[in-house]
Amino acid sequence: MEHDAPSQHAPPTAAHDDGAVDDWARDDAEPSHRHEAGPSHVYDAGPSHSHCPEPSHRFGADAAAHPAPPAEGVNGIQSPLQSMELKTNAAAHEDVQMVAEEEEEKKRHLNVVFIGHVDAGKSTAGGQILFLSGQVDDRTIQKYEKEAKDKSRESWYMAYIMDTNEEERLKGKTVEVGRAYFETENTRFTILDAPGHKSYVPNMISGASQADIGVLVISARKGEFETGYERGGQTREHVLLAKTLGVAKLIVVINKMDEPTVQWSKERYDEIEGKMVPFLKSSGYNVKKDVQFLPISGLCGANMKTRMDKSICSWWDGPCLFEVLDRIEVPLRDPRGPVRMPIIDKYKDMGTVVMGKLESGTIREGDSLLVMPNKVCLSYLNSNVKVVGINLDEKKVRRAGPGENVRVKLSGIEEDDIMAGFVLSSVGKTIAVGKVVALPPVGHASFSA
């Protein structure tokens with residue numbers, strides 16, 4: 001869990017500006033996809049019947065000339081009609097669900113990993129994002145505030161949104177990679193909250209390997225930035241690991257700018273940026289195109305959803321965090337390519353469930369796939385696994401495309417036959433498997449002159 005300093009300012013409510021970040025803005029020609037309820041979510045009640053005459057006026061004298069049929073005949077007619085009506089309603093409901101899924105799929109998707117030194121405020125910033133985007137209600141926040149106050153950790157309450165483990169809340173350190181979801185006008189995001197402590201670097205690697213972009217959180221508090229940046233700190237190590245693991249875009253947020261030792265100081269912001277730019281360049285990042293700096297306060301939400309209020313920070317004229325996230329280009333993906341999903345975890349839940357990021361291809365319910373390498377597909381070349389369920393953002397879906405973090409339920413394979421690092425792949429286009437050659441022990445090596 002990452003902590004933050006108590007806030008001294010209210011969240012800003014500055015008017016939104018449409019300014020773009022040059023190298024981060026998407027092409028203006030690209031169509032803007034919005035997730036709206038749309039007509040597909042509204043059931044038409046049909047034409048109004050207020051103009052229809054009353055039954056007595058409609059039938060008139062004909063009612064006496066044509067007496068009503070027996071009750072049994074009426075029931076016999078109504079029964080098939082009711083059955084047809086139920087089937088029609090069910091089909092209409094299914095069509096509405098399919099249209100809703102198609103509308104939702106129009107939104108692009110990005111995986112964002114929060115990295116940085118321990119206590120930089122990663123979990124607090126992630127929790128604040130979920131609160132500002134409406135994923136967490138006020139009652140839950142009040143509950144967390146009370147829980148944090150009871151533990152004499154008043155400034156930790158926002159981090160409790162991301163850190164659900166009691167051990168993490170007690171020690172104040174994120175251990176496992178936290179996972180959450182939120183949406184903006186154009187994009188669906190998966191937040192991956194990576195641990196910052198050096199003891200949990202393997203878990204950080206697991207989170208960064210699933211990400212498209214990274215948010216490097218740096219504490220502006222006096223002494224905290226220096227501790228994380230100097231040799232042995234996790235700021236440097238996380239940047240290098242993120243670049244190695246394919247995180248091409250990096251947002252560097254200078255957090256805790258509201259802290260009493262900083263007070264939104266431009267000098268402190270420039271000092272941190274001046275030290276980070278050369279290191280980012282040496283790590284392989286193109287600072288002008290792939291890196292964006294901005295100041296924030298994760299605890300009070302300043303410069304996160306809305307732009308900075310000039311009364312709080314007069315010198316910042318740049319975008320807020322949500323703007324930057326919403327304008328980052330989506331990496332190229334191939335939905336029609338062969339299925340490639342590295343498995344990061346697995347568990348048993350009425351069947352075998354595997355978790356991972358779908359790097360290529362599209363998975364649908366009923367598909368036959370291969371888990372490689374595995375004794376099931378190595379011993380029996382025609383033995384496949386079947387996709388019986390797909391969960392995306394805690395919701396059950398019928399298909400998932402590249403870039404999605406998914407849970408896939410499989411049949412035809414046991415949990416014990418799968419290990420982290422295995423890959424779910426297409427049957428027709430499998431992954432090439434090399435041959436392992438045993439080398440002689442070093443002590444038995446021989447040399448000839």
# chains A, B, ... in the order shown; residues from 1 in each chain; ligands from 1
>>> closest_atom_pairs(of="region 95-178 of chain A", to="region 216-225 of chain A", cutoff="8 Å", atoms="only C-alpha atoms", output="tab-separated table")
residue	atom	partner	partner_atom	distance
A:Phe114	CA	A:Leu216	CA	6.1
A:Ile115	CA	A:Leu216	CA	5.0
A:Gly116	CA	A:Val217	CA	5.2
A:His117	CA	A:Ile218	CA	7.2
A:Asp119	CA	A:Ser219	CA	7.8
A:Ala120	CA	A:Ser219	CA	4.8
A:Gly121	CA	A:Val217	CA	6.9
A:Lys122	CA	A:Val217	CA	6.1
>>> write_last_selection(atoms="N, CA and C atoms", output="mmCIF file, in the first residue's frame")
data_model
loop_
_atom_site.group_PDB
_atom_site.id
_atom_site.type_symbol
_atom_site.label_atom_id
_atom_site.label_comp_id
_atom_site.auth_asym_id
_atom_site.auth_seq_id
_atom_site.Cartn_x
_atom_site.Cartn_y
_atom_site.Cartn_z
ATOM 1 N N PHE A 114 0.787 1.053 -12.297
ATOM 2 C CA PHE A 114 1.329 2.091 -11.429
ATOM 3 C C PHE A 114 2.596 1.549 -10.785
ATOM 4 N N ILE A 115 3.728 2.228 -11.047
ATOM 5 C CA ILE A 115 5.022 1.777 -10.548
ATOM 6 C C ILE A 115 5.694 2.914 -9.798
ATOM 7 N N GLY A 116 6.753 2.583 -9.054
ATOM 8 C CA GLY A 116 7.488 3.590 -8.310
ATOM 9 C C GLY A 116 7.949 3.066 -6.966
ATOM 10 N N HIS A 117 8.720 3.889 -6.273
ATOM 11 C CA HIS A 117 9.288 3.505 -4.983
ATOM 12 C C HIS A 117 8.185 3.326 -3.942
ATOM 13 N N ASP A 119 5.898 3.784 -0.815
ATOM 14 C CA ASP A 119 5.358 4.984 -0.161
ATOM 15 C C ASP A 119 5.313 6.208 -1.068
ATOM 16 N N ALA A 120 5.402 6.016 -2.378
ATOM 17 C CA ALA A 120 5.278 7.160 -3.290
ATOM 18 C C ALA A 120 3.829 7.595 -3.451
ATOM 19 N N GLY A 121 2.885 6.718 -3.100
ATOM 20 C CA GLY A 121 1.463 7.061 -3.205
ATOM 21 C C GLY A 121 0.757 6.412 -4.372
ATOM 22 N N LYS A 122 1.231 5.247 -4.797
ATOM 23 C CA LYS A 122 0.637 4.571 -5.961
ATOM 24 C C LYS A 122 -0.783 4.089 -5.659
#
>>> select_by_dssp(residues="region 322-403 of chain A", states="alpha helix (DSSP H)", output="list of chain:residue names")
A:Phe322, A:Glu323, A:Val324, A:Leu325, A:Asp326, A:Arg327, A:Lys375, A:Val376, A:Cys377, A:Leu378, A:Ser379
>>> residues_around(residues="Phe422 (chain A)", least_positions_apart="5", cutoff="9 Å", atoms="only C-alpha atoms", output="VMD selection string")
chain A and resid 341 to 344 371 to 374
>>> atom_distance(atom1="CA of Glu267 (chain A)", atom2="CA of Phe293 (chain A)")
14.4 Å
>>> residues_around(residues="Trp316 (chain A)", least_positions_apart="4", cutoff="10 Å", atoms="only C-alpha atoms", output="ChimeraX atom specification")
/A:264,266,294-295,303,307-310,312,320
>>> residues_around(residues="Lys281 (chain A)", least_positions_apart="5", cutoff="12 Å", atoms="only C-alpha atoms", output="PyMOL selection string")
chain A and resi 239-240+243+250+274-276+286-291
>>> select_by_dssp(residues="region 114-314 of chain A", states="strand (DSSP E)", output="PyMOL selection string")
chain A and resi 114-115+178-183+187-193+213-219+249-255+291-295
>>> atom_distance(atom1="CA of Gln234 (chain A)", atom2="CA of Gly172 (chain A)")
16.6 Å
>>> closest_residue(among="A:Arg153, A:Ala400, A:Val112, A:Asp334", to="Ile191 (chain A)", atoms="only C-alpha atoms")
A:Val112
>>> residues_around(residues="Val406 (chain A)", least_positions_apart="2", cutoff="8 Å", atoms="only C-alpha atoms", output="compact mmCIF listing (two decimals) with N, CA, C and O atoms, in the first residue's frame")
# COMPACT_ATOMS: atom_id res chain seq x y z
N MET A 355 -5.73 -17.01 -16.05
CA MET A 355 -5.76 -15.56 -16.14
C MET A 355 -4.57 -15.08 -16.96
O MET A 355 -3.50 -15.69 -16.93
N GLY A 356 -4.76 -13.98 -17.68
CA GLY A 356 -3.66 -13.41 -18.45
C GLY A 356 -4.14 -12.33 -19.38
O GLY A 356 -5.34 -12.03 -19.47
N LYS A 357 -3.18 -11.72 -20.08
CA LYS A 357 -3.48 -10.69 -21.06
C LYS A 357 -3.43 -11.30 -22.46
O LYS A 357 -2.44 -11.92 -22.83
N LEU A 358 -4.50 -11.13 -23.19
CA LEU A 358 -4.58 -11.65 -24.56
C LEU A 358 -3.76 -10.74 -25.47
O LEU A 358 -4.14 -9.61 -25.75
N ILE A 390 -15.78 -16.89 -20.44
CA ILE A 390 -14.84 -15.77 -20.50
C ILE A 390 -15.35 -14.67 -19.59
O ILE A 390 -16.52 -14.28 -19.66
N ASN A 391 -14.47 -14.17 -18.70
CA ASN A 391 -14.83 -13.06 -17.82
C ASN A 391 -13.90 -11.89 -18.11
O ASN A 391 -12.68 -12.04 -18.13
N LEU A 392 -14.51 -10.73 -18.30
CA LEU A 392 -13.78 -9.51 -18.63
C LEU A 392 -14.27 -8.40 -17.71
O LEU A 392 -15.47 -8.10 -17.67
N ASP A 393 -13.37 -7.77 -16.96
CA ASP A 393 -13.72 -6.70 -16.03
C ASP A 393 -14.83 -7.15 -15.08
O ASP A 393 -15.82 -6.43 -14.85
N ALA A 400 -13.46 -12.06 -26.34
CA ALA A 400 -12.50 -11.06 -25.87
C ALA A 400 -11.45 -10.86 -26.95
O ALA A 400 -11.02 -11.81 -27.60
N GLU A 404 -6.94 -7.35 -23.87
CA GLU A 404 -7.81 -7.50 -22.72
C GLU A 404 -7.17 -8.41 -21.66
O GLU A 404 -6.54 -9.41 -21.99
N VAL A 408 -10.30 -17.03 -18.32
CA VAL A 408 -10.87 -17.98 -19.28
C VAL A 408 -11.06 -19.32 -18.58
O VAL A 408 -10.10 -19.88 -18.02
>>> residues_around(residues="Ser297 (chain A)", least_positions_apart="5", cutoff="8 Å", atoms="only C-alpha atoms", output="NGL selection string")
:A and (125 or 255-258 or 302-304)
>>> write_last_selection(atoms="all heavy atoms", output="tab-separated table (two decimals), in the first residue's frame")
chain	number	residue	atom	x	y	z
A	125	ALA	N	-3.18	7.05	-5.26
A	125	ALA	CA	-3.54	7.64	-6.56
A	125	ALA	C	-4.53	6.74	-7.30
A	125	ALA	O	-5.50	7.22	-7.90
A	125	ALA	CB	-2.29	7.88	-7.39
A	255	ASN	N	3.86	13.33	-7.29
A	255	ASN	CA	2.78	13.24	-6.32
A	255	ASN	C	3.14	13.98	-5.02
A	255	ASN	O	4.28	14.39	-4.83
A	255	ASN	CB	2.51	11.76	-6.04
A	255	ASN	CG	1.24	11.54	-5.24
A	255	ASN	OD1	0.33	12.37	-5.28
A	255	ASN	ND2	1.17	10.45	-4.50
A	256	LYS	N	2.16	14.13	-4.18
A	256	LYS	CA	2.30	14.77	-2.87
A	256	LYS	C	2.77	16.22	-2.99
A	256	LYS	O	3.51	16.73	-2.14
A	256	LYS	CB	3.27	13.99	-1.98
A	256	LYS	CG	2.88	12.53	-1.76
A	256	LYS	CD	3.76	11.86	-0.74
A	256	LYS	CE	3.42	10.38	-0.58
A	256	LYS	NZ	4.23	9.71	0.44
A	257	MET	N	2.34	16.90	-4.06
A	257	MET	CA	2.70	18.31	-4.23
A	257	MET	C	2.02	19.20	-3.19
A	257	MET	O	2.44	20.35	-2.98
A	257	MET	CB	2.33	18.77	-5.64
A	257	MET	CG	3.19	18.19	-6.75
A	257	MET	SD	4.91	18.74	-6.71
A	257	MET	CE	4.76	20.47	-7.10
A	258	ASP	N	0.97	18.70	-2.54
A	258	ASP	CA	0.29	19.48	-1.51
A	258	ASP	C	0.94	19.33	-0.14
A	258	ASP	O	0.49	19.92	0.84
A	258	ASP	CB	-1.17	19.06	-1.43
A	258	ASP	CG	-1.32	17.59	-1.08
A	258	ASP	OD1	-0.44	16.79	-1.47
A	258	ASP	OD2	-2.32	17.22	-0.42
A	302	ALA	N	-6.07	16.56	-6.76
A	302	ALA	CA	-5.75	17.75	-7.54
A	302	ALA	C	-5.06	17.38	-8.85
A	302	ALA	O	-4.14	16.56	-8.86
A	302	ALA	CB	-4.85	18.68	-6.72
A	303	ASN	N	-5.51	17.97	-9.94
A	303	ASN	CA	-4.98	17.78	-11.29
A	303	ASN	C	-5.10	16.34	-11.76
A	303	ASN	O	-4.28	15.85	-12.53
A	303	ASN	CB	-3.51	18.22	-11.38
A	303	ASN	CG	-3.12	18.58	-12.81
A	303	ASN	OD1	-3.90	19.15	-13.56
A	303	ASN	ND2	-1.90	18.23	-13.19
A	304	MET	N	-6.17	15.68	-11.35
A	304	MET	CA	-6.38	14.30	-11.78
A	304	MET	C	-7.54	14.20	-12.76
A	304	MET	O	-7.33	13.90	-13.93
A	304	MET	CB	-6.60	13.40	-10.56
A	304	MET	CG	-5.35	13.31	-9.67
A	304	MET	SD	-5.48	12.12	-8.32
A	304	MET	CE	-5.30	10.58	-9.22
>>> closest_residue(among="A:Ser155, A:Thr187, A:Ser360, A:Ser314", to="Pro335 (chain A)", atoms="only C-alpha atoms")
A:Ser360
